[in-house]
Every structure is written in C-alpha cells, then in structure tokens.
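K.L.:
If it helps, the file is called data_6.cif and holds mmCIF, C-alpha atoms:
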```cif
data_work
#
loop_
_atom_site.label_atom_id
_atom_site.label_comp_id
_atom_site.auth_asym_id
_atom_site.auth_seq_id
_atom_site.Cartn_x
_atom_site.Cartn_y
_atom_site.Cartn_z
CA MET R 28 16.88 -29.13 154.56
CA ASP R 29 18.95 -32.19 155.43
CA LYS R 30 17.98 -31.87 159.03
CA ARG R 31 14.31 -32.08 158.12
CA ILE R 32 14.79 -35.22 156.10
CA ILE R 33 16.74 -36.81 158.94
CA LYS R 34 13.97 -35.88 161.36
CA MET R 35 11.40 -37.44 159.08
CA ILE R 36 13.38 -40.67 158.88
CA VAL R 37 14.00 -40.75 162.61
CA VAL R 38 10.34 -40.16 163.51
CA LEU R 39 8.97 -42.74 161.09
CA THR R 40 11.57 -45.32 162.07
CA ALA R 41 10.98 -44.76 165.76
CA THR R 42 7.21 -45.05 165.33
CA ALA R 43 7.53 -48.25 163.34
CA VAL R 44 10.04 -49.83 165.73
CA LEU R 45 7.98 -48.93 168.80
CA SER R 46 4.76 -50.20 167.22
CA GLY R 47 6.45 -53.39 166.14
CA GLY R 48 7.86 -53.97 169.60
CA ILE R 49 4.54 -53.41 171.34
CA LEU R 50 2.71 -55.62 168.86
CA ALA R 51 5.24 -58.40 169.37
CA LEU R 52 4.60 -58.27 173.11
CA VAL R 53 0.81 -58.29 172.68
CA TYR R 54 1.03 -61.14 170.20
CA LYS R 55 3.13 -63.18 172.59
CA LYS R 56 0.44 -62.80 175.26
CA ALA R 57 -2.50 -63.41 172.91
CA GLU R 58 -1.14 -66.27 170.80
CA PRO R 59 -1.47 -69.09 173.39
CA LEU R 60 -5.04 -67.98 174.16
CA ILE R 61 -5.97 -67.93 170.47
CA GLU R 62 -4.42 -71.37 170.02
CA ALA R 63 -6.34 -72.67 173.07
CA ASN R 64 -9.59 -71.31 171.62
CA ARG R 65 -8.90 -73.05 168.34
CA LEU R 66 -8.16 -76.37 170.04
CA ARG R 67 -11.27 -76.09 172.22
CA GLU R 68 -13.43 -75.50 169.13
CA LEU R 69 -11.77 -78.42 167.36
CA LYS R 70 -12.31 -80.75 170.29
CA LYS R 71 -15.95 -79.71 170.64
CA ALA R 72 -16.55 -80.32 166.94
CA ILE R 73 -14.86 -83.73 167.00
CA PHE R 74 -16.91 -84.91 169.97
CA LEU R 75 -20.05 -83.61 168.31
CA VAL R 76 -19.55 -85.65 165.14
CA LEU R 77 -18.27 -88.68 167.08
CA PRO R 78 -20.74 -88.73 169.99
CA GLU R 79 -19.23 -91.84 171.56
CA ALA R 80 -15.72 -90.43 171.65
CA LYS R 81 -14.25 -89.32 174.95
CA ASP R 82 -10.80 -88.57 173.60
CA TYR R 83 -9.09 -88.33 170.25
CA LYS R 84 -5.69 -88.62 168.68
CA THR R 85 -4.46 -86.91 165.55
CA VAL R 86 -2.84 -88.80 162.71
CA GLU R 87 -1.52 -87.28 159.56
CA LYS R 88 -2.20 -89.14 156.34
CA LYS R 89 -1.25 -87.75 152.95
CA GLY R 90 -1.53 -84.18 154.14
CA PHE R 91 -4.84 -84.75 155.95
CA ASN R 92 -5.24 -84.43 159.65
CA ILE R 93 -7.48 -87.31 160.63
CA TYR R 94 -8.78 -87.40 164.17
CA ILE R 95 -9.38 -90.87 165.56
CA GLY R 96 -12.08 -90.91 168.23
CA ILE R 97 -11.53 -93.15 171.24
CA ASP R 98 -14.17 -94.12 173.85
CA GLU R 99 -13.62 -94.57 177.58
CA ASN R 100 -12.35 -98.14 177.11
CA GLY R 101 -9.71 -97.01 174.68
CA SER R 102 -11.31 -98.59 171.63
CA GLN R 103 -11.69 -96.72 168.40
CA VAL R 104 -15.17 -95.33 167.67
CA GLY R 105 -14.55 -93.69 164.32
CA TYR R 106 -12.74 -91.04 162.33
CA ALA R 107 -13.28 -87.30 162.09
CA PHE R 108 -11.85 -84.93 159.53
CA VAL R 109 -12.19 -81.36 158.36
CA ALA R 110 -13.72 -80.92 154.91
CA THR R 111 -13.38 -77.58 153.16
CA GLY R 112 -14.70 -76.44 149.80
CA PRO R 113 -16.49 -73.70 147.91
CA GLY R 114 -20.06 -72.84 148.88
CA PHE R 115 -22.48 -70.35 147.36
CA GLN R 116 -20.69 -67.23 148.56
CA GLY R 117 -17.45 -68.41 150.07
CA LYS R 118 -15.65 -71.25 151.75
CA ILE R 119 -17.58 -73.81 153.77
CA LYS R 120 -15.60 -75.66 156.43
CA MET R 121 -17.08 -78.69 158.14
CA MET R 122 -16.15 -81.39 160.60
CA VAL R 123 -17.29 -84.79 159.38
CA GLY R 124 -17.52 -87.94 161.48
CA LEU R 125 -17.06 -91.34 159.89
CA ALA R 126 -17.82 -94.69 161.51
CA ASN R 127 -15.20 -97.44 161.78
CA ASP R 128 -16.66 -99.24 158.74
CA MET R 129 -15.95 -96.11 156.63
CA LYS R 130 -19.39 -96.44 155.06
CA THR R 131 -21.55 -94.54 157.49
CA LEU R 132 -21.36 -90.96 158.69
CA THR R 133 -21.71 -90.38 162.41
CA GLY R 134 -22.30 -86.66 162.10
CA MET R 135 -21.45 -83.37 160.45
CA LYS R 136 -20.92 -79.93 161.88
CA VAL R 137 -20.40 -76.73 159.92
CA LEU R 138 -17.43 -74.86 161.39
CA GLU R 139 -17.25 -71.86 159.09
CA GLN R 140 -19.51 -70.54 156.36
CA VAL R 141 -20.50 -67.21 154.83
CA GLU R 142 -23.71 -68.33 153.11
CA THR R 143 -26.75 -66.04 152.73
CA PRO R 144 -28.25 -65.28 156.16
CA GLY R 145 -31.67 -66.85 156.55
CA LEU R 146 -31.28 -69.11 153.53
CA GLY R 147 -27.92 -70.74 152.87
CA ASN R 148 -26.66 -70.26 156.40
CA ARG R 149 -29.33 -72.70 157.55
CA ILE R 150 -26.80 -75.41 156.63
CA SER R 151 -25.46 -74.88 160.14
CA GLU R 152 -28.86 -75.58 161.71
CA ASP R 153 -29.31 -78.89 163.47
CA THR R 154 -32.22 -79.93 161.25
CA PHE R 155 -29.91 -79.90 158.24
CA GLN R 156 -26.71 -81.08 159.89
CA GLY R 157 -28.58 -83.83 161.72
CA GLN R 158 -29.49 -85.47 158.43
CA PHE R 159 -25.87 -86.51 157.98
CA LYS R 160 -25.94 -88.66 161.08
CA GLY R 161 -26.20 -92.30 160.08
CA LEU R 162 -26.05 -91.43 156.39
CA SER R 163 -24.72 -94.13 154.13
CA THR R 164 -21.84 -93.05 151.92
CA GLU R 165 -22.02 -95.91 149.44
CA PRO R 166 -23.19 -95.04 146.83
CA GLU R 167 -22.31 -91.35 146.95
CA ILE R 168 -24.44 -89.01 149.04
CA THR R 169 -27.12 -87.23 147.03
CA TYR R 170 -29.84 -84.71 147.83
CA VAL R 171 -33.55 -84.46 147.09
CA LYS R 172 -35.63 -81.31 146.86
CA ASN R 173 -38.99 -80.58 148.52
CA LYS R 174 -39.63 -84.15 149.66
CA LYS R 175 -38.49 -86.43 152.39
CA PRO R 176 -35.37 -88.46 151.61
CA GLU R 177 -36.14 -92.13 150.90
CA LYS R 178 -32.79 -93.82 150.38
CA PRO R 179 -30.16 -94.18 153.11
CA ASN R 180 -27.72 -92.01 151.14
CA GLU R 181 -30.08 -89.07 150.63
CA ILE R 182 -30.56 -85.79 152.44
CA GLN R 183 -33.20 -83.14 151.90
CA ALA R 184 -31.89 -79.85 150.52
CA ILE R 185 -32.91 -76.61 152.22
CA THR R 186 -35.72 -74.85 150.39
CA GLY R 187 -34.35 -71.73 148.75
CA ALA R 188 -30.78 -72.78 149.34
CA THR R 189 -30.22 -75.61 146.90
CA ILE R 190 -26.77 -74.40 145.93
CA SER R 191 -25.56 -74.27 149.52
CA SER R 192 -27.03 -77.72 150.21
CA LYS R 193 -25.54 -79.09 147.01
CA SER R 194 -22.14 -77.61 147.90
CA VAL R 195 -22.16 -79.27 151.31
CA VAL R 196 -22.96 -82.65 149.74
CA ALA R 197 -20.30 -82.18 147.06
CA ILE R 198 -17.62 -81.16 149.56
CA VAL R 199 -18.41 -84.07 151.88
CA ASN R 200 -18.34 -86.56 149.01
CA LYS R 201 -15.09 -85.27 147.59
CA GLU R 202 -13.19 -85.03 150.85
CA LEU R 203 -14.63 -88.30 152.11
CA LYS R 204 -13.30 -90.15 149.09
CA LYS R 205 -9.80 -88.78 149.69
CA VAL R 206 -9.87 -89.59 153.39
CA VAL R 207 -11.19 -93.13 152.89
CA LYS R 208 -8.52 -93.74 150.27
CA ALA R 209 -5.83 -92.49 152.63
CA LEU R 210 -7.17 -94.64 155.45
CA LYS R 211 -7.45 -97.78 153.28
CA GLU R 212 -3.92 -97.41 152.01
CA GLU R 213 -2.81 -97.34 155.58
CA GLU R 214 -4.61 -100.61 156.22
CA VAL R 215 -2.91 -102.24 153.26
CA GLU R 216 0.41 -101.12 154.63
CA LYS R 217 -0.49 -102.62 157.98
CA THR R 218 -1.38 -106.00 156.45
CA TYR R 219 1.37 -106.37 153.91
CA GLY R 220 4.06 -104.14 155.28
CA PRO R 221 5.33 -101.07 153.49
CA MET K 6 -12.66 -21.09 171.89
CA ALA K 7 -14.83 -20.67 174.98
CA PRO K 8 -12.94 -19.34 177.97
CA ASP K 9 -14.51 -21.94 180.25
CA GLY K 10 -12.60 -25.22 179.85
CA GLU K 11 -15.51 -27.31 181.14
CA VAL K 12 -17.88 -26.02 178.51
CA THR K 13 -15.41 -26.75 175.72
CA LEU K 14 -14.82 -30.29 176.97
CA SER K 15 -18.49 -31.15 177.19
CA LYS K 16 -19.01 -29.59 173.76
CA ASP K 17 -16.14 -31.70 172.40
CA PHE K 18 -17.92 -34.76 173.72
CA ILE K 19 -21.51 -33.90 172.79
CA LYS K 20 -20.79 -32.98 169.19
CA GLY K 21 -19.73 -36.55 168.39
CA LEU K 22 -23.00 -37.88 169.76
CA TRP K 23 -25.29 -35.80 167.62
CA LYS K 24 -24.27 -32.65 165.77
CA GLU K 25 -21.19 -34.20 164.16
CA ASN K 26 -22.15 -37.83 164.58
CA PRO K 27 -19.78 -39.77 162.32
CA VAL K 28 -22.47 -42.05 160.89
CA ILE K 29 -25.64 -39.98 160.58
CA ARG K 30 -24.08 -36.54 160.12
CA GLN K 31 -20.65 -36.96 158.58
CA ILE K 32 -21.53 -40.22 156.77
CA LEU K 33 -18.06 -41.56 157.58
CA GLY K 34 -16.99 -45.13 158.22
CA MET K 35 -19.66 -46.56 155.94
CA CYS K 36 -17.87 -49.85 155.31
CA PRO K 37 -18.21 -51.24 158.86
CA THR K 38 -21.52 -49.42 159.35
CA LEU K 39 -23.16 -51.21 156.46
CA ALA K 40 -21.31 -54.50 156.66
CA VAL K 41 -21.47 -55.67 160.27
CA THR K 42 -24.77 -54.28 161.54
CA ASN K 43 -26.86 -57.38 160.81
CA SER K 44 -27.26 -57.88 164.55
CA ALA K 45 -27.19 -55.59 167.57
CA THR K 46 -24.35 -57.57 169.16
CA ASN K 47 -22.14 -57.19 166.10
CA GLY K 48 -22.91 -53.46 165.99
CA LEU K 49 -21.96 -53.11 169.64
CA ALA K 50 -18.74 -55.09 169.24
CA MET K 51 -17.68 -53.09 166.18
CA GLY K 52 -18.61 -49.85 167.98
CA LEU K 53 -16.51 -50.73 171.03
CA ALA K 54 -13.52 -51.89 168.97
CA THR K 55 -13.61 -48.68 166.93
CA THR K 56 -14.03 -46.55 170.07
CA PHE K 57 -10.94 -48.17 171.57
CA VAL K 58 -8.91 -47.52 168.43
CA VAL K 59 -10.08 -43.93 167.92
CA ILE K 60 -9.42 -42.99 171.56
CA SER K 61 -5.97 -44.61 171.66
CA ALA K 62 -4.92 -43.25 168.29
CA SER K 63 -6.17 -39.71 168.96
CA THR K 64 -4.47 -39.61 172.35
CA ILE K 65 -1.11 -40.78 171.01
CA VAL K 66 -1.32 -38.49 167.98
CA SER K 67 -2.06 -35.54 170.24
CA ILE K 68 0.88 -36.40 172.51
CA ILE K 69 3.42 -36.65 169.69
CA LYS K 70 1.95 -33.94 167.43
CA SER K 71 4.85 -31.50 167.88
CA LEU K 72 7.45 -34.19 167.18
CA VAL K 73 6.06 -35.41 163.87
CA PRO K 74 7.16 -33.52 160.75
CA ARG K 75 4.23 -32.43 158.58
CA GLN K 76 5.36 -34.41 155.55
CA VAL K 77 5.24 -37.79 157.26
CA ARG K 78 2.32 -37.18 159.60
CA ILE K 79 -0.21 -39.33 157.73
CA ALA K 80 2.22 -42.24 157.48
CA THR K 81 2.94 -41.96 161.20
CA TYR K 82 -0.76 -41.81 162.06
CA VAL K 83 -1.48 -44.87 159.95
CA ILE K 84 1.25 -46.88 161.71
CA ILE K 85 -0.18 -45.87 165.09
CA ILE K 86 -3.74 -46.68 164.04
CA ALA K 87 -2.74 -50.02 162.51
CA SER K 88 -0.95 -51.00 165.73
CA PHE K 89 -4.02 -50.35 167.85
CA VAL K 90 -6.26 -52.15 165.39
CA THR K 91 -3.98 -55.19 165.52
CA ILE K 92 -4.10 -55.08 169.33
CA ALA K 93 -7.93 -54.94 169.22
CA ASP K 94 -8.02 -57.79 166.71
CA LEU K 95 -5.72 -60.02 168.79
CA PHE K 96 -7.66 -59.17 171.95
CA LEU K 97 -10.99 -60.15 170.39
CA ALA K 98 -9.55 -63.36 168.95
CA ALA K 99 -8.07 -64.30 172.34
CA LYS K 100 -10.95 -63.34 174.61
CA PHE K 101 -14.09 -63.29 172.46
CA PRO K 102 -13.54 -65.84 169.68
CA SER K 103 -17.21 -65.93 168.64
CA ILE K 104 -17.41 -62.15 168.18
CA SER K 105 -14.06 -62.18 166.42
CA LYS K 106 -15.43 -64.80 164.03
CA ALA K 107 -18.65 -62.85 163.42
CA LEU K 108 -16.82 -59.63 162.61
CA GLY K 109 -14.30 -61.47 160.45
CA PRO K 110 -12.18 -59.21 158.26
CA TYR K 111 -13.99 -56.07 159.42
CA VAL K 112 -11.83 -55.75 162.54
CA PRO K 113 -8.55 -55.40 160.58
CA LEU K 114 -10.43 -53.05 158.25
CA ILE K 115 -10.86 -50.54 161.09
CA VAL K 116 -7.42 -49.35 159.95
CA VAL K 117 -8.99 -47.72 156.92
CA ASN K 118 -12.02 -46.39 158.80
CA CYS K 119 -11.89 -42.71 157.90
CA ILE K 120 -13.35 -41.65 161.26
CA ILE K 121 -10.08 -42.55 162.96
CA LEU K 122 -7.68 -40.91 160.54
CA GLY K 123 -10.17 -38.04 160.26
CA ARG K 124 -10.14 -37.38 164.01
CA ALA K 125 -6.35 -37.71 164.17
CA GLU K 126 -5.81 -35.27 161.32
CA ALA K 127 -8.66 -32.83 161.92
CA PHE K 128 -8.69 -32.69 165.71
CA ALA K 129 -6.04 -34.57 167.67
CA SER K 130 -3.09 -33.12 165.77
CA LYS K 131 -4.27 -29.58 166.56
CA HIS K 132 -5.55 -29.82 170.13
CA PRO K 133 -4.20 -30.71 173.59
CA VAL K 134 -4.36 -34.28 174.83
CA HIS K 135 -7.38 -34.01 177.12
CA ARG K 136 -9.51 -32.44 174.38
CA ALA K 137 -8.33 -35.00 171.83
CA PHE K 138 -9.29 -37.77 174.24
CA ILE K 139 -12.78 -36.37 174.90
CA ASP K 140 -13.37 -35.69 171.22
CA ALA K 141 -12.40 -39.27 170.33
CA LEU K 142 -14.60 -40.63 173.12
CA GLY K 143 -17.55 -38.64 171.79
CA MET K 144 -16.95 -39.85 168.25
CA GLY K 145 -16.57 -43.45 169.43
CA VAL K 146 -19.78 -43.35 171.47
CA GLY K 147 -21.58 -41.59 168.62
CA PHE K 148 -20.40 -44.26 166.17
CA SER K 149 -21.36 -47.04 168.59
CA TRP K 150 -24.91 -45.90 169.24
CA ALA K 151 -25.57 -45.42 165.54
CA LEU K 152 -24.31 -48.96 164.85
CA ILE K 153 -26.32 -50.44 167.72
CA LEU K 154 -29.47 -48.66 166.50
CA LEU K 155 -28.91 -49.87 162.96
CA GLY K 156 -28.08 -53.40 164.14
CA SER K 157 -31.13 -53.54 166.43
CA ILE K 158 -33.56 -52.47 163.71
CA ARG K 159 -32.09 -54.91 161.23
CA GLU K 160 -31.96 -57.77 163.73
CA LEU K 161 -35.53 -57.07 164.88
CA LEU K 162 -36.94 -57.14 161.37
CA GLY K 163 -34.59 -59.76 159.97
CA PHE K 164 -34.47 -62.27 162.84
CA GLY K 165 -37.26 -61.06 165.15
CA SER K 166 -34.82 -60.54 168.02
CA ILE K 167 -32.60 -57.87 169.57
CA PHE K 168 -29.24 -58.82 171.14
CA GLY K 169 -30.32 -62.42 170.55
CA PHE K 170 -33.52 -62.13 172.64
CA LYS K 171 -36.68 -63.10 170.78
CA ILE K 172 -39.03 -60.12 170.58
CA MET K 173 -41.39 -61.06 167.80
CA GLY K 174 -43.75 -64.00 168.26
CA ALA K 175 -44.11 -67.00 166.03
CA TRP K 176 -46.51 -65.06 163.77
CA PHE K 177 -43.66 -62.91 162.55
CA THR K 178 -42.11 -63.72 159.19
CA PRO K 179 -38.51 -62.44 159.18
CA TRP K 180 -37.67 -59.96 156.44
CA ILE K 181 -34.57 -61.63 155.14
CA ILE K 182 -33.59 -58.55 153.12
CA MET K 183 -32.92 -56.71 156.39
CA ILE K 184 -29.95 -58.89 157.31
CA LEU K 185 -28.60 -58.87 153.77
CA PRO K 186 -26.46 -55.94 152.57
CA GLY K 187 -29.50 -54.29 150.98
CA GLY K 188 -31.19 -53.97 154.37
CA ALA K 189 -28.26 -51.93 155.65
CA PHE K 190 -28.65 -49.35 152.89
CA ILE K 191 -32.43 -49.18 153.29
CA THR K 192 -32.31 -48.81 157.08
CA LEU K 193 -29.49 -46.26 157.12
CA GLY K 194 -31.12 -44.23 154.38
CA ILE K 195 -34.43 -44.10 156.19
CA ILE K 196 -32.77 -43.20 159.53
CA ILE K 197 -30.75 -40.36 158.00
CA GLY K 198 -33.77 -39.17 156.02
CA LEU K 199 -35.99 -39.11 159.10
CA ILE K 200 -33.39 -37.31 161.20
CA ASN K 201 -32.87 -34.68 158.51
CA GLN K 202 -36.63 -34.26 158.17
CA PHE K 203 -37.15 -33.69 161.88
CA THR K 204 -34.13 -31.56 162.61
CA GLY K 205 -34.70 -29.58 159.43
CA SER K 206 -31.01 -29.50 158.63
CA ARG K 207 -30.01 -30.22 155.08
CA THR K 208 -26.56 -29.80 153.66
CA VAL K 209 -28.14 -28.17 150.63
CA ASP K 210 -29.16 -25.17 152.74
CA THR K 211 -25.63 -24.33 153.75
CA SER K 212 -24.15 -24.78 150.30
CA CYS K 213 -26.67 -22.36 148.79
CA HIS K 214 -25.54 -19.38 150.83
#
```
Please, can you express the file's structure as structure tokens?
P.N.:
Amino acid sequence: MDKRIIKMIVVLTATAVLSGGILALVYKKAEPLIEANRLRELKKAIFLVLPEAKDYKTVEKKGFNIYIGIDENGSQVGYAFVATGPGFQGKIKMMVGLANDMKTLTGMKVLEQVETPGLGNRISEDTFQGQFKGLSTEPEITYVKNKKPEKPNEIQAITGATISSKSVVAIVNKELKKVVKALKEEEVEKTYGP
Amino acid sequence: MAPDGEVTLSKDFIKGLWKENPVIRQILGMCPTLAVTNSATNGLAMGLATTFVVISASTIVSIIKSLVPRQVRIATYVIIIASFVTIADLFLAAKFPSISKALGPYVPLIVVNCIILGRAEAFASKHPVHRAFIDALGMGVGFSWALILLGSIRELLGFGSIFGFKIMGAWFTPWIIMILPGGAFITLGIIIGLINQFTGSRTVDTSCH
C-alpha cells in the first residue's frame, strides 16, 4: 500500500521536474527570438507612423513609453506611442504618430485587434488607417458616417462597423490627451527647471 | 490483432484518416476545429501544431506506460501534453510570429484538446511505441486535413481566396457569415451530413442493434 503511494509520488514528481527542466531549456532558446520579433514589429510600426524617421529612442514619461522619431540628420521628426483600449469585441492596440507640434497626427497603425472579420477588422485596412495621417487633433477627433469628412479633425467611419470606428477614435483621443500632457509637463520642466 | 505487423501498422494509420477521423467521425477537438478554421492557413497551422503534440505525447506515454501507476496516469499524461503544447507555442512565437498571433490563445488550448488525451488513454497506454506513433500520426493527419478542408471552404466563401490566393473574381460578394463562428458550425454540419449520407453510416444504426 505504502509502496504504491510512494511510487505515485515519485512518478508524478519526476514527470513534473523533467517537464519543467525541458521547458526551461526551450524557453531560454526561444525567448531572445520572441523578444527580437517583438522589437522588429515595434520598429516597423514606429517607422510606419513616423515616415520621416530613420531611428528612434524610447523615453518613459509617467508610465508611458514614448518613442521619439529621429531623421537621418539627427533632428526630431515626431512622437509615437502605443494606444490601447476597448473595441467592439476586445482590446484594440494601435501605434499612433504625432508631429512635433503635438497637434497633427502623422499616422496610425493597428497592431492588435479582434474585431468582427469583414466588418470591424477593416480598421486595420489602409483606407481607414490612412485617414489618420495629417489629422488635426485640436479640437478632438470626431467621425462622420456615410459621407466624406469635411473638417480637418474628422474621419469617415467604416460602414457597418461604427462601433469599431468609434472605439478607435475614442482610444486615440483619450491616450493622445495623456501623452500630450506628459510631454508638455516635460517641456515646462525643461524651461523652468524641476 | 492481425498476425502481419505491416497490415496492423497501415491500419493504425489509415483509421485516423477516415474511419475514425477525429473531426468528422469522432467529433472530437471541436474547440480548435470551429474556432481557428476561418482561413486555410490557420487550419493548416493548427493541424500541424496538434499533430506534433499528439505524436510526441503518444510516443512518450507509450514509452513510460509500464512505469506510471494507474491512479496518477491522467495527471502524468496532462503534464506531458502541456509540456509539448508549451514547446509548440514557444516555437510558433519564435519562428512564425504572424501565425502565432492569428492562432492566439488556441495554441495553449491544445492542452485540453480531447484528441490528444484520448489517444494517450485509449491507444498509446495500451500499445507498443511504434504502433502508438503511427496511430498518433494518422490522427494528426486526419485532424489536419479536416481542418484544412473546413478552413478552405470558409476562406473561399468568406474572403474569396484559399491560402491567401484570390480565387473568386471581383464579382464575388464575400459571405461574411462564413468567417464568423456561425460559418464554422454551418460548414462542419454540412460536411458531416454529406459524408454520412454518402457512406451510409449513421451512429443510430449501431445503437439500435
């Protein structure tokens, strides 16, 4: 009786320890590759929303990672940041590019979304994303339905996917406000000292 | 058991493809079958990942079957399966990030795919290693082709393409329902119905005897 229990414990423990050991090895091999993939994606997205950028540096402001795009001469071409928020079905994650004046968007790219295929997921199509390029952020970005946008701060929502379009606009507005505030506070610190 | 080893091995393989196909005959592993088959590529990737896990798990289970006490066998199998699933998940994330992203949480969910535990419990724990391997291979290939078929039909009707290649012309209006969850149920139901119709085998017949 006792022997059986001991055997059970030994077998389960051995299986768990072996599995754990093997997984640790595999993870050690895979982790740098996964990290490299993530960085490559990030870099691609930053350069997409800041077309003039050739390089970028990361600064952390109030818990945000803000990526500052730099062109070949070393001068700053704008800011990029990741904006995340709720969509129609799940989280939408975007990279947003902001010009130096902090009033114009230089681009937007959807990084992750689980919106309805064929409807909401068209937010990651270029025709929708492209509308954010050159968009004015003052006053707040808004959307129009079934007609061409007229004002510089308007985009046209996707037909049949108003909620997804609305969510994108809302997320960009909300995160943009926070990022601009963080960036402006930094400027004040620069001018007047801490 | 047939005296001829060759015949048994080929039978072990063939049965997974058709007679005991996990998707269209045993109706097992429905979660990944329905969830990821909105394109042929996703179906193929899920099929290959599952094939890898079922082969590895069945082989290991068959090797250690005499060492594992009956009372803890399921727990042991689950640890083994979970380890291989994690390896598959890490591998996809490292080498094929776009596929890994498309399959999302469904790769880790292979752990609870009943095909794998089913093969370990029903076959691998009772048969020698080479037969367990062939049986798992057959089940994996059978699962894969069913997923690719399902994914191709849904992608063709829902996007107008197969494996990303445009098939339908501009005249074609995509049936969006086909790439939504509902399309998976409709397509799978029709496939299973048609196959039952043409092979004339219905589970009702056997249960009536």
K.L.:
Do a neighbour search on stretch 106-115 of chain R at 8 Å with all atoms listed in the file, toss out local chain neighbours closer than 4 positions, and write the hits as a compact mmCIF listing (two decimals) with C-alpha atoms, keeping the file's coordinate frame.
P.N.:
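This went into selection-v8.txt:
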```txt
# COMPACT_ATOMS: atom_id res chain seq x y z
CA ILE R 73 -14.86 -83.73 167.00
CA VAL R 76 -19.55 -85.65 165.14
CA LEU R 77 -18.27 -88.68 167.08
CA PHE R 91 -4.84 -84.75 155.95
CA ASN R 92 -5.24 -84.43 159.65
CA ILE R 93 -7.48 -87.31 160.63
CA TYR R 94 -8.78 -87.40 164.17
CA ILE R 95 -9.38 -90.87 165.56
CA GLY R 96 -12.08 -90.91 168.23
CA ILE R 119 -17.58 -73.81 153.77
CA LYS R 120 -15.60 -75.66 156.43
CA MET R 121 -17.08 -78.69 158.14
CA MET R 122 -16.15 -81.39 160.60
CA VAL R 123 -17.29 -84.79 159.38
CA GLY R 124 -17.52 -87.94 161.48
CA LEU R 125 -17.06 -91.34 159.89
CA ALA R 126 -17.82 -94.69 161.51
CA ASN R 127 -15.20 -97.44 161.78
CA GLN R 140 -19.51 -70.54 156.36
CA GLU R 142 -23.71 -68.33 153.11
CA GLY R 147 -27.92 -70.74 152.87
CA ILE R 190 -26.77 -74.40 145.93
CA SER R 191 -25.56 -74.27 149.52
CA SER R 194 -22.14 -77.61 147.90
CA VAL R 195 -22.16 -79.27 151.31
CA ILE R 198 -17.62 -81.16 149.56
CA VAL R 199 -18.41 -84.07 151.88
CA GLU R 202 -13.19 -85.03 150.85
CA LEU R 203 -14.63 -88.30 152.11
CA VAL R 206 -9.87 -89.59 153.39
```
K.L.:
I'd like the residues picked by the PyMOL selection byres ((chain K) within 9 of (chain R)) written out as an MDAnalysis selection string, using the chain letters and numbers from the file.
P.N.:
chainID K and resid 72:78 80:81 84:85 87:89 91:92 95:96 98:100 102 106 163:164 179 181 184:185
K.L.:
Which residues match the PyMOL selection byres ((chain K and resi 141) around 10) in the file above, as JSON, numbers by chain?
P.N.:
{"K": [17, 18, 21, 56, 57, 58, 59, 60, 61, 62, 63, 64, 120, 121, 124, 125, 128, 129, 135, 136, 137, 138, 139, 140, 142, 143, 144, 145, 146, 147]}
K.L.:
Expanded to explicit residues, what is the PyMOL selection byres ((chain K and resi 157) around 12) for this file, as a VMD selection string?
P.N.:
chain K and resid 41 to 49 149 to 156 158 to 172 183 to 184 189 192 to 193
K.L.:
With 7 Å as the threshold, what does the neighbourhood of (-13.5, -91.8, 168.5) contain in terms of residues, counting all atoms listed in the file? Coordinates are those of the file; answer as a count of residues only.
P.N.:
14
K.L.:
Can you measure atom CA of R:Lys201 to atom CA of R:Leu132 for me? One decimal in Å is fine.
P.N.:
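Computing the Euclidean distance for atom CA of R:Lys201 and atom CA of R:Leu132 yields 14.0 Å.
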K.L.:
Could you check how far atom CA of K:Ala54 sits from atom CA of K:Ile32, in Å to one decimal?
P.N.:
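Pair atom CA of K:Ala54 / atom CA of K:Ile32 returns 18.7 Å.
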K.L.:
How many Å separate atom CA of R:Glu181 from atom CA of R:Thr169?
P.N.:
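Answer for the atom CA of R:Glu181 to atom CA of R:Thr169 separation: 5.0 Å.
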K.L.:
Measuring atom to atom with only C-alpha atoms, identify which of K:Val117, K:Ile200, K:Ala127, K:Ala50 is nearest to K:Gly34.
P.N.:
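With only C-alpha atoms as the atom set, the closest residue is K:Val117.
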K.L.:
If you count all atoms listed in the file, which residues fall within 12 Å of R:Lys204, apart from same-chain ones fewer than 4 positions away, as a ChimeraX atom specification?
P.N.:
/R:108,110,125,129-130,164-168,197-200,208-211
K.L.:
Rank nothing, just name the residue among R:Thr85, R:Thr154, R:Asn148, R:Thr131 nearest to R:Ala188, using only C-alpha atoms.
P.N.:
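Among the listed residues, R:Asn148 lies closest to R:Ala188.
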K.L.:
Which of these, K:Ile68, K:Ala40, K:Ala93, K:Val83, has the shortest distance to K:Phe190 once you count only C-alpha atoms?
P.N.:
K:Ala40
K.L.:
Once you add 4 Å to each side, what are the centre and edge lengths of the axis-aligned box holding all listed atoms of stretch 157-174 of chain R? One decimal in Å, as AutoDock Vina command-line options, if you can.
P.N.:
```
--center_x -30.7 --center_y -88.2 --center_z 154.3 --size_x 25.8 --size_y 23.3 --size_z 22.9
```
